[in-house]
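Chemist: Below is the file final31.cif, with mmCIF, C-alpha atoms and all ligand atoms.
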data_work
loop_
_atom_site.group_PDB
_atom_site.id
_atom_site.type_symbol
_atom_site.label_atom_id
_atom_site.label_comp_id
_atom_site.auth_asym_id
_atom_site.auth_seq_id
_atom_site.Cartn_x
_atom_site.Cartn_y
_atom_site.Cartn_z
ATOM 1 C CA MET A 1248 -27.825 -21.243 58.802
ATOM 2 C CA VAL A 1249 -25.081 -20.573 56.314
ATOM 3 C CA SER A 1250 -22.200 -18.497 57.568
ATOM 4 C CA MET A 1251 -18.799 -17.617 56.091
ATOM 5 C CA TYR A 1252 -17.324 -20.295 58.347
ATOM 6 C CA LYS A 1253 -19.426 -23.021 56.719
ATOM 7 C CA VAL A 1254 -18.275 -22.304 53.157
ATOM 8 C CA PRO A 1255 -16.514 -25.475 52.050
ATOM 9 C CA SER A 1256 -12.774 -25.223 52.534
ATOM 10 C CA ALA A 1257 -12.061 -26.017 48.872
ATOM 11 C CA MET A 1258 -14.105 -22.965 47.835
ATOM 12 C CA ARG A 1259 -12.343 -20.739 50.370
ATOM 13 C CA PHE A 1260 -9.025 -21.981 49.039
ATOM 14 C CA LEU A 1261 -10.068 -21.080 45.482
ATOM 15 C CA ALA A 1262 -11.258 -17.633 46.584
ATOM 16 C CA CYS A 1263 -7.900 -17.005 48.277
ATOM 17 C CA LEU A 1264 -6.044 -18.086 45.173
ATOM 18 C CA PHE A 1265 -8.150 -15.697 43.073
ATOM 19 C CA ILE A 1266 -7.463 -12.745 45.397
ATOM 20 C CA LEU A 1267 -3.746 -13.535 45.629
ATOM 21 C CA HIS A 1268 -3.632 -13.652 41.854
ATOM 22 C CA LEU A 1269 -5.212 -10.187 41.619
ATOM 23 C CA VAL A 1270 -2.869 -8.443 44.073
ATOM 24 C CA PRO A 1271 0.274 -8.428 41.908
ATOM 25 C CA TRP A 1272 -1.846 -7.547 38.879
ATOM 26 C CA ALA A 1273 -3.246 -4.499 40.694
ATOM 27 C CA LEU A 1274 0.257 -3.447 41.761
ATOM 28 C CA ARG A 1275 1.533 -3.815 38.218
ATOM 29 C CA ALA A 1276 -1.410 -1.912 36.752
ATOM 30 C CA GLN A 1277 -0.681 0.995 39.072
ATOM 31 C CA GLY A 1278 2.910 1.374 37.847
ATOM 32 C CA THR A 1279 5.599 3.441 39.545
ATOM 33 C CA PHE A 1280 5.004 7.133 38.757
ATOM 34 C CA ARG A 1281 2.197 9.247 37.346
ATOM 35 C CA VAL A 1282 3.082 12.184 35.084
ATOM 36 C CA VAL A 1283 0.563 14.911 34.335
ATOM 37 C CA PRO A 1284 1.839 17.151 31.525
ATOM 38 C CA LEU A 1285 0.707 20.762 32.097
ATOM 39 C CA GLY A 1286 2.636 22.102 29.115
ATOM 40 C CA THR A 1287 4.568 20.229 26.455
ATOM 41 C CA LYS A 1288 5.778 22.570 23.703
ATOM 42 C CA GLY A 1289 9.025 24.448 23.190
ATOM 43 C CA GLY A 1290 7.676 27.750 21.936
ATOM 44 C CA LEU A 1291 4.956 29.841 20.299
ATOM 45 C CA ASP A 1292 1.907 28.619 22.217
ATOM 46 C CA GLU A 1293 2.153 30.395 25.589
ATOM 47 C CA SER A 1294 -0.703 28.256 26.935
ATOM 48 C CA ASN A 1295 1.326 25.048 26.526
ATOM 49 C CA LEU A 1296 4.973 25.507 27.618
ATOM 50 C CA SER A 1297 7.189 22.981 29.472
ATOM 51 C CA ALA A 1298 5.711 21.848 32.808
ATOM 52 C CA TYR A 1299 5.216 18.284 34.079
ATOM 53 C CA LEU A 1300 3.701 17.162 37.361
ATOM 54 C CA LEU A 1301 5.215 13.988 38.789
ATOM 55 C CA ALA A 1302 4.109 11.854 41.759
ATOM 56 C CA PRO A 1303 4.595 8.256 42.851
ATOM 57 C CA ALA A 1304 1.691 6.102 41.599
ATOM 58 C CA GLY A 1305 -1.391 6.340 43.769
ATOM 59 C CA ARG A 1306 -0.267 9.521 45.578
ATOM 60 C CA SER A 1307 -1.391 13.126 45.211
ATOM 61 C CA ASP A 1308 1.779 14.924 46.363
ATOM 62 C CA TYR A 1309 3.208 16.201 43.076
ATOM 63 C CA LEU A 1310 6.376 18.048 42.273
ATOM 64 C CA CYS A 1311 6.460 20.227 39.176
ATOM 65 C CA LEU A 1312 9.291 19.795 36.667
ATOM 66 C CA ASP A 1313 9.629 23.256 35.077
ATOM 67 C CA ALA A 1314 6.688 25.620 35.192
ATOM 68 C CA GLY A 1315 6.226 27.301 31.799
ATOM 69 C CA THR A 1316 2.439 26.830 31.846
ATOM 70 C CA LEU A 1317 0.633 26.013 35.090
ATOM 71 C CA TYR A 1318 -2.945 27.219 35.356
ATOM 72 C CA HIS A 1319 -4.094 26.515 31.811
ATOM 73 C CA GLY A 1320 -2.531 23.034 31.993
ATOM 74 C CA LEU A 1321 -4.305 22.335 35.301
ATOM 75 C CA GLN A 1322 -7.608 23.493 33.789
ATOM 76 C CA LYS A 1323 -7.094 21.076 30.884
ATOM 77 C CA ALA A 1324 -6.275 18.285 33.350
ATOM 78 C CA VAL A 1325 -9.453 19.056 35.333
ATOM 79 C CA GLU A 1326 -11.545 19.127 32.115
ATOM 80 C CA ARG A 1327 -10.197 15.697 31.197
ATOM 81 C CA GLY A 1328 -10.967 14.326 34.648
ATOM 82 C CA THR A 1329 -7.294 13.851 35.610
ATOM 83 C CA PHE A 1330 -7.948 15.986 38.714
ATOM 84 C CA SER A 1331 -11.299 16.625 40.351
ATOM 85 C CA GLY A 1332 -10.318 20.288 40.613
ATOM 86 C CA PRO A 1333 -10.790 23.184 40.731
ATOM 87 C CA ALA A 1334 -7.469 24.133 39.098
ATOM 88 C CA HIS A 1335 -6.485 26.799 41.645
ATOM 89 C CA GLN A 1336 -6.991 24.291 44.466
ATOM 90 C CA VAL A 1337 -4.839 21.646 42.760
ATOM 91 C CA LEU A 1338 -2.158 24.313 42.284
ATOM 92 C CA ARG A 1339 -2.189 25.315 45.945
ATOM 93 C CA GLU A 1340 -2.647 21.895 47.529
ATOM 94 C CA GLN A 1341 -1.253 19.173 45.274
ATOM 95 C CA VAL A 1342 1.728 20.928 43.681
ATOM 96 C CA LYS A 1343 4.229 20.760 46.526
ATOM 97 C CA GLY A 1344 7.287 22.346 44.928
ATOM 98 C CA TYR A 1345 8.989 23.430 41.704
ATOM 99 C CA LEU A 1346 12.111 21.994 40.108
ATOM 100 C CA ILE A 1347 13.294 24.587 37.592
ATOM 101 C CA SER A 1348 15.857 23.392 35.025
ATOM 102 C CA HIS A 1349 16.877 26.879 33.886
ATOM 103 C CA ALA A 1350 15.562 30.404 34.066
ATOM 104 C CA HIS A 1351 14.325 30.916 30.498
ATOM 105 C CA LEU A 1352 10.773 32.258 30.450
ATOM 106 C CA ASP A 1353 9.266 29.252 28.676
ATOM 107 C CA HIS A 1354 10.257 27.177 31.752
ATOM 108 C CA LEU A 1355 8.991 29.401 34.555
ATOM 109 C CA ALA A 1356 6.503 32.001 33.264
ATOM 110 C CA GLY A 1357 3.561 30.036 34.721
ATOM 111 C CA MET A 1358 5.132 29.968 38.175
ATOM 112 C CA ILE A 1359 5.862 33.700 38.117
ATOM 113 C CA SER A 1360 2.436 34.805 36.944
ATOM 114 C CA ASN A 1361 0.598 32.462 39.368
ATOM 115 C CA ALA A 1362 2.758 33.389 42.373
ATOM 116 C CA PRO A 1363 0.182 35.789 43.929
ATOM 117 C CA ASP A 1364 -2.412 32.958 44.127
ATOM 118 C CA ASP A 1365 -0.047 30.111 44.991
ATOM 119 C CA ALA A 1366 0.587 28.570 48.432
ATOM 120 C CA ASN A 1367 3.957 28.675 50.198
ATOM 121 C CA LYS A 1368 6.396 26.159 48.746
ATOM 122 C CA ALA A 1369 9.997 25.644 47.669
ATOM 123 C CA ILE A 1370 11.773 26.229 44.372
ATOM 124 C CA TYR A 1371 14.617 23.751 43.780
ATOM 125 C CA ALA A 1372 17.296 24.600 41.213
ATOM 126 C CA LEU A 1373 21.011 24.934 40.639
ATOM 127 C CA PRO A 1374 22.417 28.142 42.235
ATOM 128 C CA SER A 1375 22.913 29.846 38.828
ATOM 129 C CA CYS A 1376 19.191 29.475 38.073
ATOM 130 C CA LEU A 1377 18.039 30.671 41.527
ATOM 131 C CA GLU A 1378 20.203 33.792 41.176
ATOM 132 C CA ILE A 1379 18.488 34.714 37.909
ATOM 133 C CA ILE A 1380 15.026 34.144 39.440
ATOM 134 C CA ARG A 1381 15.945 36.298 42.450
ATOM 135 C CA ASP A 1382 17.714 39.091 40.555
ATOM 136 C CA HIS A 1383 15.695 39.315 37.336
ATOM 137 C CA TYR A 1384 12.123 38.150 38.052
ATOM 138 C CA PHE A 1385 11.256 38.302 41.781
ATOM 139 C CA ASN A 1386 13.125 41.593 42.201
ATOM 140 C CA GLY A 1387 10.327 44.021 43.055
ATOM 141 C CA GLN A 1388 10.482 45.520 39.555
ATOM 142 C CA SER A 1389 9.771 42.737 37.059
ATOM 143 C CA TRP A 1390 7.354 41.306 39.673
ATOM 144 C CA PRO A 1391 6.990 41.498 43.467
ATOM 145 C CA ASN A 1392 9.655 39.606 45.392
ATOM 146 C CA PHE A 1393 7.868 36.332 46.196
ATOM 147 C CA GLY A 1394 11.221 34.763 47.075
ATOM 148 C CA ASP A 1395 12.918 34.577 50.466
ATOM 149 C CA SER A 1396 15.976 36.702 49.672
ATOM 150 C CA GLY A 1397 16.973 39.585 47.408
ATOM 151 C CA GLN A 1398 15.404 43.021 46.964
ATOM 152 C CA PRO A 1399 13.071 44.073 49.845
ATOM 153 C CA PRO A 1400 10.215 43.839 50.558
ATOM 154 C CA VAL A 1401 10.745 40.068 50.684
ATOM 155 C CA LEU A 1402 7.369 38.268 50.653
ATOM 156 C CA ARG A 1403 8.724 34.757 51.462
ATOM 157 C CA LYS A 1404 6.122 32.805 49.540
ATOM 158 C CA TYR A 1405 8.776 30.693 47.843
ATOM 159 C CA ARG A 1406 11.802 29.249 49.564
ATOM 160 C CA TYR A 1407 14.879 29.007 47.348
ATOM 161 C CA VAL A 1408 16.583 25.630 47.746
ATOM 162 C CA ALA A 1409 19.942 25.427 45.970
ATOM 163 C CA LEU A 1410 20.808 21.963 44.690
ATOM 164 C CA ALA A 1411 24.467 20.956 44.748
ATOM 165 C CA ALA A 1412 25.338 19.007 41.593
ATOM 166 C CA SER A 1413 24.651 15.257 41.960
ATOM 167 C CA GLU A 1414 23.762 15.454 45.691
ATOM 168 C CA GLU A 1415 20.401 14.009 46.652
ATOM 169 C CA MET A 1416 17.896 16.107 48.582
ATOM 170 C CA PRO A 1417 14.312 15.460 49.771
ATOM 171 C CA VAL A 1418 11.474 17.319 48.034
ATOM 172 C CA GLU A 1419 9.487 18.718 50.968
ATOM 173 C CA GLY A 1420 5.840 17.650 51.203
ATOM 174 C CA THR A 1421 6.418 14.675 48.892
ATOM 175 C CA ALA A 1422 7.827 11.167 49.185
ATOM 176 C CA MET A 1423 10.412 11.972 46.515
ATOM 177 C CA PHE A 1424 14.077 12.955 46.411
ATOM 178 C CA VAL A 1425 15.938 14.899 43.743
ATOM 179 C CA ARG A 1426 19.457 15.127 42.418
ATOM 180 C CA ALA A 1427 20.491 17.762 39.846
ATOM 181 C CA TYR A 1428 23.042 17.397 37.041
ATOM 182 C CA PRO A 1429 24.253 20.475 35.121
ATOM 183 C CA LEU A 1430 23.609 20.589 31.368
ATOM 184 C CA SER A 1431 24.899 22.900 28.653
ATOM 185 C CA HIS A 1432 22.178 24.882 26.846
ATOM 186 C CA GLY A 1433 24.065 26.908 24.234
ATOM 187 C CA SER A 1434 27.173 29.100 24.633
ATOM 188 C CA GLY A 1435 27.927 28.013 28.200
ATOM 189 C CA TYR A 1436 24.425 28.751 29.555
ATOM 190 C CA GLU A 1437 23.683 26.327 32.398
ATOM 191 C CA SER A 1438 20.575 24.165 32.358
ATOM 192 C CA ALA A 1439 19.883 21.096 34.506
ATOM 193 C CA ALA A 1440 18.654 17.514 34.520
ATOM 194 C CA PHE A 1441 16.745 16.225 37.553
ATOM 195 C CA LEU A 1442 16.938 12.635 38.709
ATOM 196 C CA VAL A 1443 13.872 12.040 40.885
ATOM 197 C CA ARG A 1444 13.694 9.035 43.194
ATOM 198 C CA HIS A 1445 10.843 7.371 45.058
ATOM 199 C CA ASN A 1446 11.887 4.265 47.014
ATOM 200 C CA THR A 1447 14.040 2.365 44.506
ATOM 201 C CA HIS A 1448 12.445 3.848 41.362
ATOM 202 C CA TYR A 1449 13.821 6.753 39.362
ATOM 203 C CA VAL A 1450 12.745 9.171 36.635
ATOM 204 C CA LEU A 1451 15.116 11.454 34.746
ATOM 205 C CA TYR A 1452 13.976 14.851 33.453
ATOM 206 C CA LEU A 1453 16.300 16.849 31.216
ATOM 207 C CA GLY A 1454 15.827 20.567 30.762
ATOM 208 C CA ASP A 1455 16.895 22.104 27.471
ATOM 209 C CA THR A 1456 20.257 20.801 26.303
ATOM 210 C CA GLY A 1457 22.476 20.716 23.259
ATOM 211 C CA PRO A 1458 24.414 17.587 22.255
ATOM 212 C CA ASP A 1459 27.869 17.246 23.822
ATOM 213 C CA ASP A 1460 29.561 17.384 20.395
ATOM 214 C CA VAL A 1461 27.974 20.726 19.515
ATOM 215 C CA GLU A 1462 28.233 22.218 23.015
ATOM 216 C CA GLN A 1463 31.859 21.026 23.261
ATOM 217 C CA SER A 1464 30.892 19.648 26.649
ATOM 218 C CA ASN A 1465 30.879 16.304 28.447
ATOM 219 C CA ARG A 1466 27.859 16.989 30.627
ATOM 220 C CA LEU A 1467 25.579 14.510 28.882
ATOM 221 C CA ALA A 1468 28.370 11.913 28.907
ATOM 222 C CA GLN A 1469 28.678 12.400 32.675
ATOM 223 C CA LEU A 1470 24.917 12.131 33.093
ATOM 224 C CA TRP A 1471 24.772 8.868 31.116
ATOM 225 C CA ALA A 1472 27.607 7.459 33.233
ATOM 226 C CA ALA A 1473 25.632 8.279 36.404
ATOM 227 C CA LEU A 1474 22.461 6.803 34.948
ATOM 228 C CA ALA A 1475 23.829 3.552 33.498
ATOM 229 C CA PRO A 1476 23.749 1.558 36.778
ATOM 230 C CA LEU A 1477 20.048 2.453 37.228
ATOM 231 C CA VAL A 1478 19.231 1.291 33.697
ATOM 232 C CA ARG A 1479 21.124 -1.959 34.318
ATOM 233 C CA ALA A 1480 19.220 -2.525 37.568
ATOM 234 C CA GLY A 1481 15.842 -1.850 35.911
ATOM 235 C CA GLN A 1482 15.244 1.045 38.328
ATOM 236 C CA LEU A 1483 14.931 3.846 35.758
ATOM 237 C CA LYS A 1484 11.261 4.197 34.780
ATOM 238 C CA GLY A 1485 11.367 7.058 32.294
ATOM 239 C CA ILE A 1486 13.504 9.701 30.578
ATOM 240 C CA PHE A 1487 12.125 13.115 29.604
ATOM 241 C CA ILE A 1488 14.310 14.559 26.852
ATOM 242 C CA GLU A 1489 13.880 17.359 24.365
ATOM 243 C CA ALA A 1490 13.736 17.290 20.567
ATOM 244 C CA SER A 1491 13.219 20.942 19.657
ATOM 245 C CA TYR A 1492 14.000 20.948 15.940
ATOM 246 C CA PRO A 1493 13.842 18.471 13.058
ATOM 247 C CA ASN A 1494 17.091 17.131 11.580
ATOM 248 C CA GLU A 1495 17.168 19.864 8.914
ATOM 249 C CA GLN A 1496 18.176 22.435 11.555
ATOM 250 C CA PRO A 1497 21.920 23.099 11.038
ATOM 251 C CA ASP A 1498 24.196 22.508 14.053
ATOM 252 C CA ARG A 1499 25.247 26.167 14.078
ATOM 253 C CA HIS A 1500 21.606 27.147 14.632
ATOM 254 C CA LEU A 1501 20.698 24.615 17.339
ATOM 255 C CA TYR A 1502 20.852 27.276 20.118
ATOM 256 C CA GLY A 1503 21.514 24.564 22.703
ATOM 257 C CA HIS A 1504 18.845 22.100 21.597
ATOM 258 C CA LEU A 1505 18.546 18.570 20.184
ATOM 259 C CA THR A 1506 17.163 17.188 16.935
ATOM 260 C CA PRO A 1507 15.881 13.599 16.562
ATOM 261 C CA ARG A 1508 19.272 12.538 15.167
ATOM 262 C CA TRP A 1509 21.209 14.130 18.035
ATOM 263 C CA LEU A 1510 18.762 12.709 20.567
ATOM 264 C CA LEU A 1511 19.281 9.221 19.137
ATOM 265 C CA HIS A 1512 23.030 9.816 19.100
ATOM 266 C CA GLU A 1513 22.914 10.582 22.834
ATOM 267 C CA MET A 1514 20.647 7.583 23.527
ATOM 268 C CA ALA A 1515 23.146 5.407 21.648
ATOM 269 C CA ALA A 1516 25.821 6.643 24.064
ATOM 270 C CA LEU A 1517 23.635 5.502 26.987
ATOM 271 C CA ALA A 1518 22.855 2.193 25.244
ATOM 272 C CA HIS A 1519 26.596 1.677 24.807
ATOM 273 C CA LEU A 1520 27.058 1.920 28.605
ATOM 274 C CA THR A 1521 24.169 -0.494 29.182
ATOM 275 C CA THR A 1522 22.536 -2.510 26.404
ATOM 276 C CA PRO A 1523 19.894 -1.586 23.807
ATOM 277 C CA GLU A 1524 17.632 -4.330 25.279
ATOM 278 C CA LEU A 1525 17.717 -2.698 28.722
ATOM 279 C CA LEU A 1526 17.189 0.801 27.343
ATOM 280 C CA ARG A 1527 14.165 -0.383 25.352
ATOM 281 C CA LYS A 1528 12.363 -0.962 28.651
ATOM 282 C CA VAL A 1529 12.650 2.726 29.570
ATOM 283 C CA PRO A 1530 9.947 4.957 28.029
ATOM 284 C CA ILE A 1531 11.449 8.076 26.411
ATOM 285 C CA ILE A 1532 9.122 11.065 26.753
ATOM 286 C CA ILE A 1533 9.731 13.642 24.038
ATOM 287 C CA THR A 1534 9.497 17.252 25.231
ATOM 288 C CA HIS A 1535 9.935 20.799 23.940
ATOM 289 C CA MET A 1536 9.105 20.309 20.238
ATOM 290 C CA LYS A 1537 8.905 23.753 18.663
ATOM 291 C CA PRO A 1538 5.437 23.925 17.113
ATOM 292 C CA THR A 1539 6.497 25.896 14.027
ATOM 293 C CA GLU A 1540 4.670 24.773 10.865
ATOM 294 C CA GLY A 1541 5.144 21.030 10.285
ATOM 295 C CA ASN A 1542 7.963 20.671 12.835
ATOM 296 C CA GLU A 1543 6.188 18.327 15.216
ATOM 297 C CA THR A 1544 5.159 15.896 12.470
ATOM 298 C CA ARG A 1545 8.694 15.881 11.053
ATOM 299 C CA ILE A 1546 10.257 15.308 14.481
ATOM 300 C CA ARG A 1547 7.924 12.343 15.154
ATOM 301 C CA GLU A 1548 8.623 10.841 11.726
ATOM 302 C CA GLN A 1549 12.382 11.272 12.033
ATOM 303 C CA LEU A 1550 12.429 9.682 15.495
ATOM 304 C CA ARG A 1551 10.485 6.725 14.106
ATOM 305 C CA GLN A 1552 12.572 6.348 10.943
ATOM 306 C CA GLU A 1553 15.959 6.533 12.664
ATOM 307 C CA ASN A 1554 15.026 4.499 15.736
ATOM 308 C CA THR A 1555 17.463 1.648 15.056
ATOM 309 C CA LEU A 1556 17.754 1.039 18.824
ATOM 310 C CA GLY A 1557 14.043 0.177 18.961
ATOM 311 C CA LEU A 1558 13.325 2.666 21.771
ATOM 312 C CA THR A 1559 9.806 3.485 23.011
ATOM 313 C CA PHE A 1560 8.892 7.131 22.458
ATOM 314 C CA LEU A 1561 5.948 8.790 24.178
ATOM 315 C CA PHE A 1562 4.534 12.141 23.063
ATOM 316 C CA PRO A 1563 2.930 13.892 26.030
ATOM 317 C CA GLU A 1564 -0.353 15.773 25.715
ATOM 318 C CA GLN A 1565 -1.451 18.610 27.959
ATOM 319 C CA GLY A 1566 -3.636 17.338 30.814
ATOM 320 C CA VAL A 1567 -3.457 13.646 29.796
ATOM 321 C CA PRO A 1568 -1.748 11.520 32.465
ATOM 322 C CA ILE A 1569 1.050 9.075 31.674
ATOM 323 C CA ASP A 1570 1.459 6.137 34.056
ATOM 324 C CA LEU A 1571 5.026 4.873 33.954
ATOM 325 C CA PRO A 1572 5.353 1.078 34.269
HETATM 326 ZN ZN ZN A 1601 12.945 26.078 26.550
#
Give the structure from the file, written as structure tokens.
Modeler:
Amino acid sequence: MVSMYKVPSAMRFLACLFILHLVPWALRAQGTFRVVPLGTKGGLDESNLSAYLLAPAGRSDYLCLDAGTLYHGLQKAVERGTFSGPAHQVLREQVKGYLISHAHLDHLAGMISNAPDDANKAIYALPSCLEIIRDHYFNGQSWPNFGDSGQPPVLRKYRYVALAASEEMPVEGTAMFVRAYPLSHGSGYESAAFLVRHNTHYVLYLGDTGPDDVEQSNRLAQLWAALAPLVRAGQLKGIFIEASYPNEQPDRHLYGHLTPRWLLHEMAALAHLTTPELLRKVPIIITHMKPTEGNETRIREQLRQENTLGLTFLFPEQGVPIDLP
């Protein structure tokens, strides 16, 4: 009779070594966060506007960073096998809440039009953004009032959760926490960045923003100061940042957006507070490229050509998951 207990001890020892060797590999392979882009562009194509699902690796409780395109992005993700689907079920069950950076339509149209078929959940945003959603979209005239305050009848599908600048708050139904930082998106219009945490790992998502020098603001400088300790500690696992226009766009026509050169200028400011070596370990996910003729190719080329810091740029694709290391 041969039983497990009679396997020679040297062989058992080798088997244990093999398994122990695989465990850290498996943990590494899984990474820290999974991103599923539902929409990636900054205009024109209404089936592909800013929206990114984010969950800790190996979990299915997602939050949604902006919500320009939801359903079409989920369908693409199901087609590609990222979710087993169907799309409406993923929307209701796996998207646990929305983090809206600002109230421009390209960042929330998907949430508004899908509201009748969505499940109850929370919308997290700065107070200025929630007021616009309440008064101008869910107001009973533009669309029924799916919010939990404002013009009656109040349907209470979505709970408005106001984020106080730089104060951390749990995202209900997920294992994540969020902290908002105000950004300047042209002529004093307020946008936001979200710093999402799971355990000791962080991801930063920036909504639309102009460069500090053009906006005559210090909001990005303040954000980089808050972020620098996380970069130094190796806890920041990704930065989502916009590059809407190529470098040819004159500063007076940036409308609160970045070009590759301005993006790199801002990243240099962050590198200055940390080191280029440390920042190189943080994937930079490029969002909101305006898909006007040739723009996207030019933006990619310009980022590559002027990347003297040696940063890692990722270009998200609708429905294709990104696993952050
Ligand atoms: Zn936008």
Chemist: Step by step, measure atom-to-atom distances between ligand ZN 1601 (chain A) and each residue using all atoms listed in the file, keep those at most 10 Å, then write them as a PyMOL selection string.
Modeler: chain A and resi 1288-1290+1296-1297+1313+1315+1348-1355+1432+1438+1454-1456+1489+1491+1503-1504+1534-1537
Chemist: Pull out every residue that the PyMOL selection byres (((chain A and resi 1283) around 12) and not hetatm) matches in the shown coordinates and put them as a ChimeraX atom specification.
Modeler: /A:1280-1282,1284-1287,1297-1304,1307,1309-1312,1317,1320-1325,1327-1330,1341-1342,1563-1571
Chemist: Of the candidates A:Phe1560, A:Tyr1492, A:Trp1471, A:Tyr1345, which shows the shortest atom-to-atom distance to Tyr1405 in chain A, using all atoms listed in the file?
Modeler: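 Ranked by minimum distance to Tyr1405 in chain A, first place goes to A:Tyr1345.
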Chemist: List as a list in words the residues having at least one atom at most 12 Å from position (26.7, 20.5, 13.9) as given in the file, counting only C-alpha atoms.
Modeler: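 Those within range, by chain then number, are Gly1457, Pro1458, Asp1459, Asp1460, Val1461, Glu1462, Gln1463, Asn1494, Glu1495, Gln1496, Pro1497, Asp1498, Arg1499, His1500, Leu1501, Tyr1502, Gly1503, His1504, Leu1505, Thr1506, Arg1508 and Trp1509 of chain A.
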Chemist: Now that the selection is made, can you save its residues with C-alpha atoms as a PDB file, in the frame of the given file?
Modeler:
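As a result, part-v7.pdb now contains:
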ATOM      1  CA  GLY A1457      22.476  20.716  23.259  1.00  0.00           C
ATOM      2  CA  PRO A1458      24.414  17.587  22.255  1.00  0.00           C
ATOM      3  CA  ASP A1459      27.869  17.246  23.822  1.00  0.00           C
ATOM      4  CA  ASP A1460      29.561  17.384  20.395  1.00  0.00           C
ATOM      5  CA  VAL A1461      27.974  20.726  19.515  1.00  0.00           C
ATOM      6  CA  GLU A1462      28.233  22.218  23.015  1.00  0.00           C
ATOM      7  CA  GLN A1463      31.859  21.026  23.261  1.00  0.00           C
ATOM      8  CA  ASN A1494      17.091  17.131  11.580  1.00  0.00           C
ATOM      9  CA  GLU A1495      17.168  19.864   8.914  1.00  0.00           C
ATOM     10  CA  GLN A1496      18.176  22.435  11.555  1.00  0.00           C
ATOM     11  CA  PRO A1497      21.920  23.099  11.038  1.00  0.00           C
ATOM     12  CA  ASP A1498      24.196  22.508  14.053  1.00  0.00           C
ATOM     13  CA  ARG A1499      25.247  26.167  14.078  1.00  0.00           C
ATOM     14  CA  HIS A1500      21.606  27.147  14.632  1.00  0.00           C
ATOM     15  CA  LEU A1501      20.698  24.615  17.339  1.00  0.00           C
ATOM     16  CA  TYR A1502      20.852  27.276  20.118  1.00  0.00           C
ATOM     17  CA  GLY A1503      21.514  24.564  22.703  1.00  0.00           C
ATOM     18  CA  HIS A1504      18.845  22.100  21.597  1.00  0.00           C
ATOM     19  CA  LEU A1505      18.546  18.570  20.184  1.00  0.00           C
ATOM     20  CA  THR A1506      17.163  17.188  16.935  1.00  0.00           C
ATOM     21  CA  ARG A1508      19.272  12.538  15.167  1.00  0.00           C
ATOM     22  CA  TRP A1509      21.209  14.130  18.035  1.00  0.00           C
TER      23      TRP A1509
END
Chemist: With all atoms listed in the file as the basis for distance, which of A:Leu1510, A:Val1529, A:Asn1446, A:Ser1294 is at the shortest distance from Glu1553 in chain A?
Modeler: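 Using all atoms listed in the file, the shortest distance to Glu1553 in chain A belongs to A:Leu1510.
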Chemist: Tell me, as a PyMOL selection string, which residues lie within 9 Å of range 1365-1369 of chain A, counting all atoms listed in the file; anything in the same chain fewer than 5 positions away does not count.
Modeler: chain A and resi 1335+1338-1340+1342-1346+1358+1403-1408+1418-1420
Chemist: Which value, in Å to one decimal, gives the distance between CA of Gln1482 in chain A and CA of Tyr1449 in chain A?
Modeler: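 A separation of 6.0 Å between them.
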Chemist: Write out as a PDB file with C-alpha atoms, in the coordinates of the input each polymer residue whose atoms come within 9 Å of Gly1557 in chain A, counting only C-alpha atoms; drop sequence neighbours fewer than 3 positions from it.
Modeler:
ATOM      1  CA  PRO A1523      19.894  -1.586  23.807  1.00  0.00           C
ATOM      2  CA  GLU A1524      17.632  -4.330  25.279  1.00  0.00           C
ATOM      3  CA  LEU A1526      17.189   0.801  27.343  1.00  0.00           C
ATOM      4  CA  ARG A1527      14.165  -0.383  25.352  1.00  0.00           C
ATOM      5  CA  ARG A1551      10.485   6.725  14.106  1.00  0.00           C
ATOM      6  CA  ASN A1554      15.026   4.499  15.736  1.00  0.00           C
TER       7      ASN A1554
END
Chemist: Expand the PyMOL selection byres (((chain A and resi 1377) around 9) and not hetatm) into the individual residues it matches in the shown file, reporting them as a ChimeraX atom specification.
Modeler: /A:1347,1349-1350,1370-1376,1378-1382,1407-1409
Chemist: So the first atom is CA of Pro1507 in chain A and the second is CA of Ala1490 in chain A; what is the distance between them in Å, to one decimal place?
Modeler: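 Answer for the CA of Pro1507 in chain A to CA of Ala1490 in chain A separation: 5.9 Å.
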Chemist: Taking all atoms listed in the file into account, which of A:Ala1475, A:Ala1356, A:Val1337, A:Ala1518 comes nearest Asn1295 in chain A?
Modeler: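 Closest to Asn1295 in chain A, using all atoms listed in the file: A:Ala1356.
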Chemist: To one decimal place in Å, what is the distance between CA of His1512 in chain A and CA of Phe1562 in chain A?
Modeler: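 Atom-to-atom, CA of His1512 in chain A and CA of Phe1562 in chain A are spaced 19.1 Å apart.
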Chemist: For Gly1481 in chain A, which residue among A:Gly1397, A:Gln1552, A:Pro1572, A:Ala1427 is the nearest when counting all atoms listed in the file?
Modeler: A:Pro1572
Chemist: Could you name the residues that touch Pro1476 in chain A at 10 Å or less, counting all atoms listed in the file, but leaving out those on the same chain fewer than 6 positions away, as number ranges by chain?
Modeler: A: 1482-1483, 1520-1521
Chemist: A:Ala1422, A:Leu1410, A:Ile1532, A:Ala1516: which is nearest Leu1556 in chain A, counting only C-alpha atoms?
Modeler: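 Looking at the shortest contact to Leu1556 in chain A, the residue is A:Ala1516.
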Chemist: Tell me which of A:Pro1493, A:Phe1393, A:Leu1402, A:Ser1360 sits closest to Glu1540 in chain A, counting only C-alpha atoms.
Modeler: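 Closest candidate: A:Pro1493.
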Chemist: Can you spell out as a ChimeraX atom specification the set of residues that the PyMOL selection byres (((chain A and resi 1442) around 8) and not hetatm) selects in the structure I just provided?
Modeler: /A:1425-1428,1440-1441,1443-1444,1449-1452
Chemist: Taking all atoms of range 1323-1326 of chain A that appear in the file, build a box with edges along x, y and z, extend it by 6 Å on every side, and state its centre and edge lengths in Å to one decimal, as lines of an AutoDock Vina configuration file.
Modeler:
center_x = -8.9
center_y = 19.7
center_z = 33.1
size_x = 17.3
size_y = 14.8
size_z = 16.4
